[in-house]
Every structure is written in structure tokens, then in C-alpha cells.
Amino acid sequence: MAIARTNRGLTPNDLVRKEGLEPTCLSALEPKSSASTNSATFAVVGLYPKSGGPDAAREGRAGRYNPENSIASDLPLPVDHYENFPVASWLLPARLRAPIEAIYGFARGADDIADEGDAGEAERLAGLAAHAAALDAIEAGRAPAPGFERIAGAVTRYRLPVPLLRDLIDAFRQDVVKKRYATFDELADYARRSANPVGRLVLHVFHAARTGDGPPVPLRGTGGLSPVLQSDRICTALQLVNFWQDVAVDWAKGRVYIPQEDLARFGVAEEAIANGVADARWTKLMAFECARARQMLIEGAPLARTLPGRLGLEIRATVEGGLAILDRIEAARGDIFTRRPTLTKVDWTKIVFRAVLKTGVRP
């Protein structure tokens, strides 16, 4: 996936997905992958401890749906989903929490429609159509249907690019119908729409809060990639971390997110997933997948040096959290069947402490 490297400044127009910013092999016309977004629905997905605990991999997430995530409210969003990385956590500047919670609520509610409960395919697609219709109304300057006031307010106040929100709905529609991925490029294309847009939305919120009604003030990137592409790297990597962490959970839902080309390369049949076989071939496969996600996290990590203050701290902690989950998977030799790799509150305390002390992320 060759992506052009640049240090040019970041402006609001850069945050809307453009074909020139994406790998040419990831055409929007190709079939979309349908992975459960889980944590990676959100840009800085997951430092919150899971409400489901370490046994959730065996139990699935049947009770995870939280209707408040889709309801407009002046109260803080209850983030009690099974997330991996921080959503509007205390690390974020207070002024950014409300719009980020609004984005999360919209994305989380749509993802739950696609991924949770016992609804049929037609019912899920109808629910997602309602989210798409709300975006149409918001973009046209009309009041959306009840339940979408919060995201409408965030779009208006922070001038959020609606096409990025549409990308999310497009990905969630795909969740309903697609259960396998032939290639890694297919999987990355899903992440481009399910995870990367939220990273760009968070950058947009930051940019709007930073400049107000004044002229754009570009962010200058460090580390070879532009801030937008660094965000994309982190978001895609976190999506991958979640996939590798949740192989057993997703198999129970009839989904396999490990690309078929990778299974074939390492001589692993899907029966190995069904039977929880963590043999030498499986260990090599998971090491390969973890190494790919780790490299992306490292490539995106300089974004934390570009973003000032507590937002940069949150990004550092998020990247460190993703790396720590990969460490757990590799320490278990890829055996995510016996116990789903998770991080404890003690782990997060250490991660935040490291993030405070460091300006970069360990390789």
C-alpha cells in the first residue's frame, strides 16, 4: 500500500477523503469488507476497560447494545461498550469532548444496528438507511429526524465534513452483508471507511476549535507522513488490532477478517479457528498480522508530537495501548482462543504514565 509521503500543512479540506490520499489499489468501486467495527469505529478507539471482562470472547456481545448512544442528549455519552481505546476520555481537552462524543454516539449507534442483536438483514439495512437520511437532511440544512440532533449540532458548530460520516454508514452497510476478505487490500478498504473517517473527524474538531471562525492555520506534520495520513495509519492499525484480538468472537458471528490470502500463505484452514487450534502455523500467521499492525502504529505515532497538549497525550496513550495489545497476542503465541488479550486498569495506568513522560512511541 504505497502512499505518498508529505510534510505539507493540514487544512480542513485535507480532512475529507480524496482518492489522491488513498492507496490506488483501494478503489471505492471495489467490494467493501464487512468487519465488525468494534473499537475501531472511533478514531482514538479504546482505552476504556471493557464492561464484558476477559470472558467476553466466549460470551460474545449480545448484551452490548446501548440505545442511549443514538439518542440526542445534553448528558455525557455513556461509553459502556466493549471498547479498546479511549473515547472522549479525561485525557482530552474538555472543549473537545462534546463534539467527539456526538461523533462517537452517531458512529456507535449505527455500528450497533449493523452488528448487534438478532435483527435480520433487511431490518439492519433499514436502520442504517435512517442514519443516511439524517445525514442528507443535515447536509441540506434541514432538521434531521429525532435522535440525530446531537450530531447535527456538532456538524453545524464544527463544520464537520458530512462525506466522512457517510463513509461510516457505507462501511456499516457492508458489515451486514460481507463475511470474508480475499485480500488485505480489501480489509484495508473497509478500515478506510469504518475507522479512518473518525480520525479525520477528530482532527477536524481540533482544527475548528483551534481556529474558530478565523482563517485556517495548517498543522505541520513530523515523521514523514502528513498528519492526515498518520491519523489514517493509527486508525487502520487499531481496527486490525481489534480484528486479531477478536478472531474467536467474530468466528461466532460467522465472520473471518483474516484475509483469505494470508490463511493460504501460512497453511491455516478456517477449521483451525473453529476448533481453536493455536499450532505453529497459526502462531506464524498471527505474528505476521501483528507485525503489520505494529508497523502502522509506529508510522502514525508522530501525530502525537504534532497535536499539542492533552490531545497529543491521548494519541500517545492510544498508540501505546494498541502496541500493548499486540504484545499480549504475541506473548500468547497468537493463542487468542484460550483468553482474549485485554489490558487491565494497572496496564492503562502504566501506559498513561509512559505517554506523559515520552514524546514518542516505542518501536
# chains A, B, ... in the order shown; residues from 1 in each chain; ligands from 1

call {"tool": "residues_around", "arguments": {"residues": "A:Ala291", "least_positions_apart": "4", "cutoff": "12 Å", "atoms": "only C-alpha atoms", "output": "count of residues only"}}
result
20

call {"tool": "residues_around", "arguments": {"residues": "A:Gly199", "least_positions_apart": "2", "cutoff": "6 Å", "atoms": "only C-alpha atoms", "output": "ChimeraX atom specification"}}
result
/A:43,196-197,201-202,231

call {"tool": "atom_distance", "arguments": {"atom1": "atom CA of A:Ala98", "atom2": "atom CA of A:Ala154"}}
result
8.2 Å

call {"tool": "select_by_dssp", "arguments": {"residues": "stretch 234-334 of chain A", "states": "alpha helix (DSSP H)", "output": "PDB file with C-alpha atoms, in the first residue's frame"}}
result
ATOM      1  CA  ILE A 234      -3.299   4.749  13.543  1.00  0.00           C
ATOM      2  CA  CYS A 235      -6.982   4.181  12.846  1.00  0.00           C
ATOM      3  CA  THR A 236      -6.415   1.331  10.406  1.00  0.00           C
ATOM      4  CA  ALA A 237      -3.933  -0.259  12.793  1.00  0.00           C
ATOM      5  CA  LEU A 238      -6.377  -0.087  15.698  1.00  0.00           C
ATOM      6  CA  GLN A 239      -9.011  -1.725  13.527  1.00  0.00           C
ATOM      7  CA  LEU A 240      -6.546  -4.514  12.762  1.00  0.00           C
ATOM      8  CA  VAL A 241      -5.614  -4.885  16.428  1.00  0.00           C
ATOM      9  CA  ASN A 242      -9.275  -5.373  17.198  1.00  0.00           C
ATOM     10  CA  PHE A 243      -9.651  -7.981  14.447  1.00  0.00           C
ATOM     11  CA  TRP A 244      -6.723 -10.052  15.707  1.00  0.00           C
ATOM     12  CA  GLN A 245      -7.890  -9.685  19.298  1.00  0.00           C
ATOM     13  CA  VAL A 247     -10.880 -13.714  15.998  1.00  0.00           C
ATOM     14  CA  ALA A 248     -12.856 -16.080  18.255  1.00  0.00           C
ATOM     15  CA  VAL A 249     -15.644 -13.577  18.901  1.00  0.00           C
ATOM     16  CA  ASP A 250     -16.042 -12.836  15.209  1.00  0.00           C
ATOM     17  CA  TRP A 251     -16.000 -16.509  14.239  1.00  0.00           C
ATOM     18  CA  ALA A 252     -19.048 -16.984  16.496  1.00  0.00           C
ATOM     19  CA  GLN A 260      -8.015 -15.466   2.812  1.00  0.00           C
ATOM     20  CA  GLU A 261      -4.693 -14.875   1.061  1.00  0.00           C
ATOM     21  CA  ASP A 262      -2.939 -14.845   4.449  1.00  0.00           C
ATOM     22  CA  LEU A 263      -4.661 -18.012   5.634  1.00  0.00           C
ATOM     23  CA  ALA A 264      -3.492 -19.731   2.462  1.00  0.00           C
ATOM     24  CA  ARG A 265       0.042 -18.334   2.739  1.00  0.00           C
ATOM     25  CA  GLU A 270     -10.774 -21.918   8.843  1.00  0.00           C
ATOM     26  CA  GLU A 271     -11.340 -25.124  10.793  1.00  0.00           C
ATOM     27  CA  ALA A 272      -8.396 -24.075  12.947  1.00  0.00           C
ATOM     28  CA  ILE A 273     -10.391 -21.038  14.047  1.00  0.00           C
ATOM     29  CA  ALA A 274     -13.498 -23.119  14.624  1.00  0.00           C
ATOM     30  CA  ASN A 275     -11.546 -25.578  16.794  1.00  0.00           C
ATOM     31  CA  ALA A 280       2.903 -23.391  14.859  1.00  0.00           C
ATOM     32  CA  ARG A 281       1.245 -22.298  11.608  1.00  0.00           C
ATOM     33  CA  TRP A 282      -1.303 -20.214  13.496  1.00  0.00           C
ATOM     34  CA  THR A 283       1.438 -18.623  15.603  1.00  0.00           C
ATOM     35  CA  LYS A 284       3.316 -17.572  12.459  1.00  0.00           C
ATOM     36  CA  LEU A 285       0.140 -16.190  10.892  1.00  0.00           C
ATOM     37  CA  MET A 286      -0.721 -14.096  13.942  1.00  0.00           C
ATOM     38  CA  ALA A 287       2.872 -12.870  14.238  1.00  0.00           C
ATOM     39  CA  PHE A 288       2.655 -11.683  10.628  1.00  0.00           C
ATOM     40  CA  GLU A 289      -0.667  -9.885  11.188  1.00  0.00           C
ATOM     41  CA  CYS A 290       0.525  -8.295  14.427  1.00  0.00           C
ATOM     42  CA  ALA A 291       3.734  -7.078  12.797  1.00  0.00           C
ATOM     43  CA  ARG A 292       1.720  -5.359  10.067  1.00  0.00           C
ATOM     44  CA  ALA A 293      -0.489  -3.566  12.584  1.00  0.00           C
ATOM     45  CA  ARG A 294       2.520  -2.648  14.729  1.00  0.00           C
ATOM     46  CA  GLN A 295       4.292  -1.029  11.783  1.00  0.00           C
ATOM     47  CA  MET A 296       1.238   1.092  11.028  1.00  0.00           C
ATOM     48  CA  LEU A 297       1.003   2.268  14.637  1.00  0.00           C
ATOM     49  CA  ILE A 298       4.649   3.258  14.610  1.00  0.00           C
ATOM     50  CA  GLU A 299       4.232   5.126  11.310  1.00  0.00           C
ATOM     51  CA  GLY A 300       1.271   7.058  12.729  1.00  0.00           C
ATOM     52  CA  LEU A 303       0.942  12.556  15.061  1.00  0.00           C
ATOM     53  CA  ALA A 304       1.128  12.827  18.855  1.00  0.00           C
ATOM     54  CA  ARG A 305       4.042  15.253  18.511  1.00  0.00           C
ATOM     55  CA  THR A 306       2.079  17.377  16.042  1.00  0.00           C
ATOM     56  CA  GLY A 309      -1.256  19.239  24.906  1.00  0.00           C
ATOM     57  CA  ARG A 310      -3.747  16.679  26.101  1.00  0.00           C
ATOM     58  CA  LEU A 311      -4.889  15.640  22.624  1.00  0.00           C
ATOM     59  CA  GLY A 312      -1.336  14.630  21.788  1.00  0.00           C
ATOM     60  CA  LEU A 313      -1.179  12.813  25.103  1.00  0.00           C
ATOM     61  CA  GLU A 314      -4.355  10.908  24.259  1.00  0.00           C
ATOM     62  CA  ILE A 315      -2.925   9.874  20.902  1.00  0.00           C
ATOM     63  CA  ARG A 316       0.292   8.675  22.544  1.00  0.00           C
ATOM     64  CA  ALA A 317      -1.666   6.660  25.103  1.00  0.00           C
ATOM     65  CA  THR A 318      -3.887   5.210  22.387  1.00  0.00           C
ATOM     66  CA  VAL A 319      -0.952   4.076  20.271  1.00  0.00           C
ATOM     67  CA  GLU A 320       0.776   2.630  23.328  1.00  0.00           C
ATOM     68  CA  GLY A 321      -2.429   0.771  24.159  1.00  0.00           C
ATOM     69  CA  GLY A 322      -2.596  -0.748  20.693  1.00  0.00           C
ATOM     70  CA  LEU A 323       1.037  -1.826  20.922  1.00  0.00           C
ATOM     71  CA  ALA A 324       0.398  -3.362  24.324  1.00  0.00           C
ATOM     72  CA  ILE A 325      -2.470  -5.483  22.974  1.00  0.00           C
ATOM     73  CA  LEU A 326      -0.182  -6.681  20.182  1.00  0.00           C
ATOM     74  CA  ASP A 327       2.423  -7.542  22.811  1.00  0.00           C
ATOM     75  CA  ARG A 328      -0.170  -9.659  24.625  1.00  0.00           C
ATOM     76  CA  ILE A 329      -1.146 -11.503  21.455  1.00  0.00           C
ATOM     77  CA  GLU A 330       2.459 -12.225  20.588  1.00  0.00           C
ATOM     78  CA  ALA A 331       3.313 -13.264  24.168  1.00  0.00           C
TER      79      ALA A 331
END

call {"tool": "residues_around", "arguments": {"residues": "A:Arg173", "least_positions_apart": "4", "cutoff": "7 Å", "atoms": "only C-alpha atoms", "output": "list in words"}}
result
Ala114, Leu125, Leu128 and Ile169 of chain A

call {"tool": "write_last_selection", "arguments": {"atoms": "C-alpha atoms", "output": "PDB file, in the first residue's frame"}}
result
ATOM      1  CA  ALA A 114     -25.231  -3.408  11.762  1.00  0.00           C
ATOM      2  CA  LEU A 125     -30.170  -2.032   6.375  1.00  0.00           C
ATOM      3  CA  LEU A 128     -28.743   2.350   8.505  1.00  0.00           C
ATOM      4  CA  ILE A 169     -22.583   4.331   7.136  1.00  0.00           C
TER       5      ILE A 169
END

call {"tool": "atom_distance", "arguments": {"atom1": "atom CA of A:Arg159", "atom2": "atom CA of A:His207"}}
result
10.1 Å

call {"tool": "residues_around", "arguments": {"residues": "A:Gly153", "least_positions_apart": "6", "cutoff": "10 Å", "atoms": "only C-alpha atoms", "output": "list in words"}}
result
Ala72, Pro99, Ala102, Ile138, Ala143, Arg159 and Leu160 of chain A
